[in-house]
Structures are given as structure tokens and as C-alpha cells.
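One structure is given here, and the rest of the page talks about it.
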Amino acid sequence: MPYFIPARKNMRENYHGVSRLHDDIDRLFGGVMFPGNWMRTVWPEAGTVNAQQADFMPQIDVISNEAAYTMRLELPGVAPEDVNIKVADNVLTVSGEKKAETADEVQTHVQERSFGTFSRSLTLPEDADMESIRAFSKNGVLSVEIPRRKPEAARTRTIEVQRG
């Protein structure tokens, strides 16, 4: 019979505490301590990534080209109908719930997967077109496409000088 390490019921709580400690240390050092924070040099507002009041924090990538920013979140096992995406006050928030699989009369021996609520927020850059944001879910990855507005051409106006 294989040997199983008994599942700790408070494992998610302990992991959440470590995750919060990671975020606090990162904020203390201005985001230079951990990989992924290079994004702040390209997108300074990214320093406001937020994951408060969540049971777990999905991994995120943000990429861009001349046409759009794309935010990708790893959400395996999360149905698209369990994801909410909102934009308010120039902040994009992706939240939802990964529901645990339940079966009657089973004993859990090892549980490493995370379940529960999640929330990630990002302050959008000035050139983001908030009216045209689209989202796609494929193979456990949620992609949120944020188109860029084209910069307005500088306007030139001639002012007539009048005699006073």
C-alpha cells in the first residue's frame, strides 16, 4: 500500500499567508525583488497589482505590442461562467471562484491544488481603450485583450492677431 502524507486542513491558509508575505516584501523593496516586476518599467501603473481577500492568486503575464496589451491568467479548472471581469476607475479586475470537486465518502490524502476565490486588479495605462476590452478562455488560460488607442495627432491652429 502506498504511503500518503495526510492532508493538512490549514494548508491553503498557510500558503495564503506566505503569498501575502511575498507581496509585502515586494512592496517594501519597490517591486525589484521578485521576477515579473520588470513590467513596471514598461507599464508603471502595474505596481498596483492587487490580490486582496482571495483564497489563491492565479499566475499572470502581461505582454504588449503596438496594437494592444494582453493579460493572461492561469485558471485551470475554472469555468468561464465563474469568472468576472470589470473595469472601474481605470482599474481592470478579474475575479471569480475555482470550485472544489466534492465526492461523498472519500478521504483526501494529498491536496496541493488551490480552490476558492481569486481576484487580480491592474491599473490600466493611459492609452488603454476600456470600451473595446475582450476576453477569451482556452485550455485553462484566460486572455484579456486591452486594445491601445491611437495617439491623437497634434492639432495646429493659426491665431489671427487683431489690432487693438
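Chains: A, B, ... in order of the C-alpha cells. Residues: from 1 per chain. Ligands: from 1, in order shown.
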
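Contact shell of A:Ser95 at 12 Å (only C-alpha atoms; same-chain neighbours under 5 positions omitted): Asn50, Ala51, Gln52, Gln53, Ala54, Asp55, Phe56, Met57, Pro58, Leu73, Leu75, Val78, Pro80, Glu81, Asp82, Val83, Asn84, Ile85, Lys86, Val87, Gly116, Thr117, Phe118, Ser119, Arg120, Ser121, Leu122 and Leu142 of chain A.
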
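Distances to A:Asp89 were evaluated for A:Gly164, A:Pro147, A:Pro125, A:Gly140 using only C-alpha atoms, and the minimum falls at A:Pro125.
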
For this session: Write down as a PyMOL selection string the residues belonging to stretch 91-142 of chain A that are assigned strand (DSSP E) by DSSP computed on the backbone.
Result: chain A and resi 91-98+116-123+134-138+141-142

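Note that the spacing between atom CA of A:Asp127 and atom CA of A:Thr93 amounts to 17.5 Å.
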
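In this comparison, which uses only C-alpha atoms, the residue of A:Glu74, A:Glu97, A:Glu66, A:Asp104 approaching A:Ala128 most closely is A:Glu66.
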
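Of the residues listed (A:Leu92, A:Ile146, A:Ala79, A:Val106), A:Ile146 shows the shortest atom-to-atom separation from A:Ser64; distances use only C-alpha atoms.
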
Exercise. Do you know which residues are at most 9 Å from A:Pro76 counting only C-alpha atoms, after dropping those on the same chain fewer than 5 positions away, and could you put them as a ChimeraX atom specification?
Worked result: /A:98,139-141

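Of the listed residues A:Ala103, A:Leu124, A:Ile60, A:Met71, the one whose atoms come nearest to A:Asn90 is A:Leu124, with distances taken using only C-alpha atoms.
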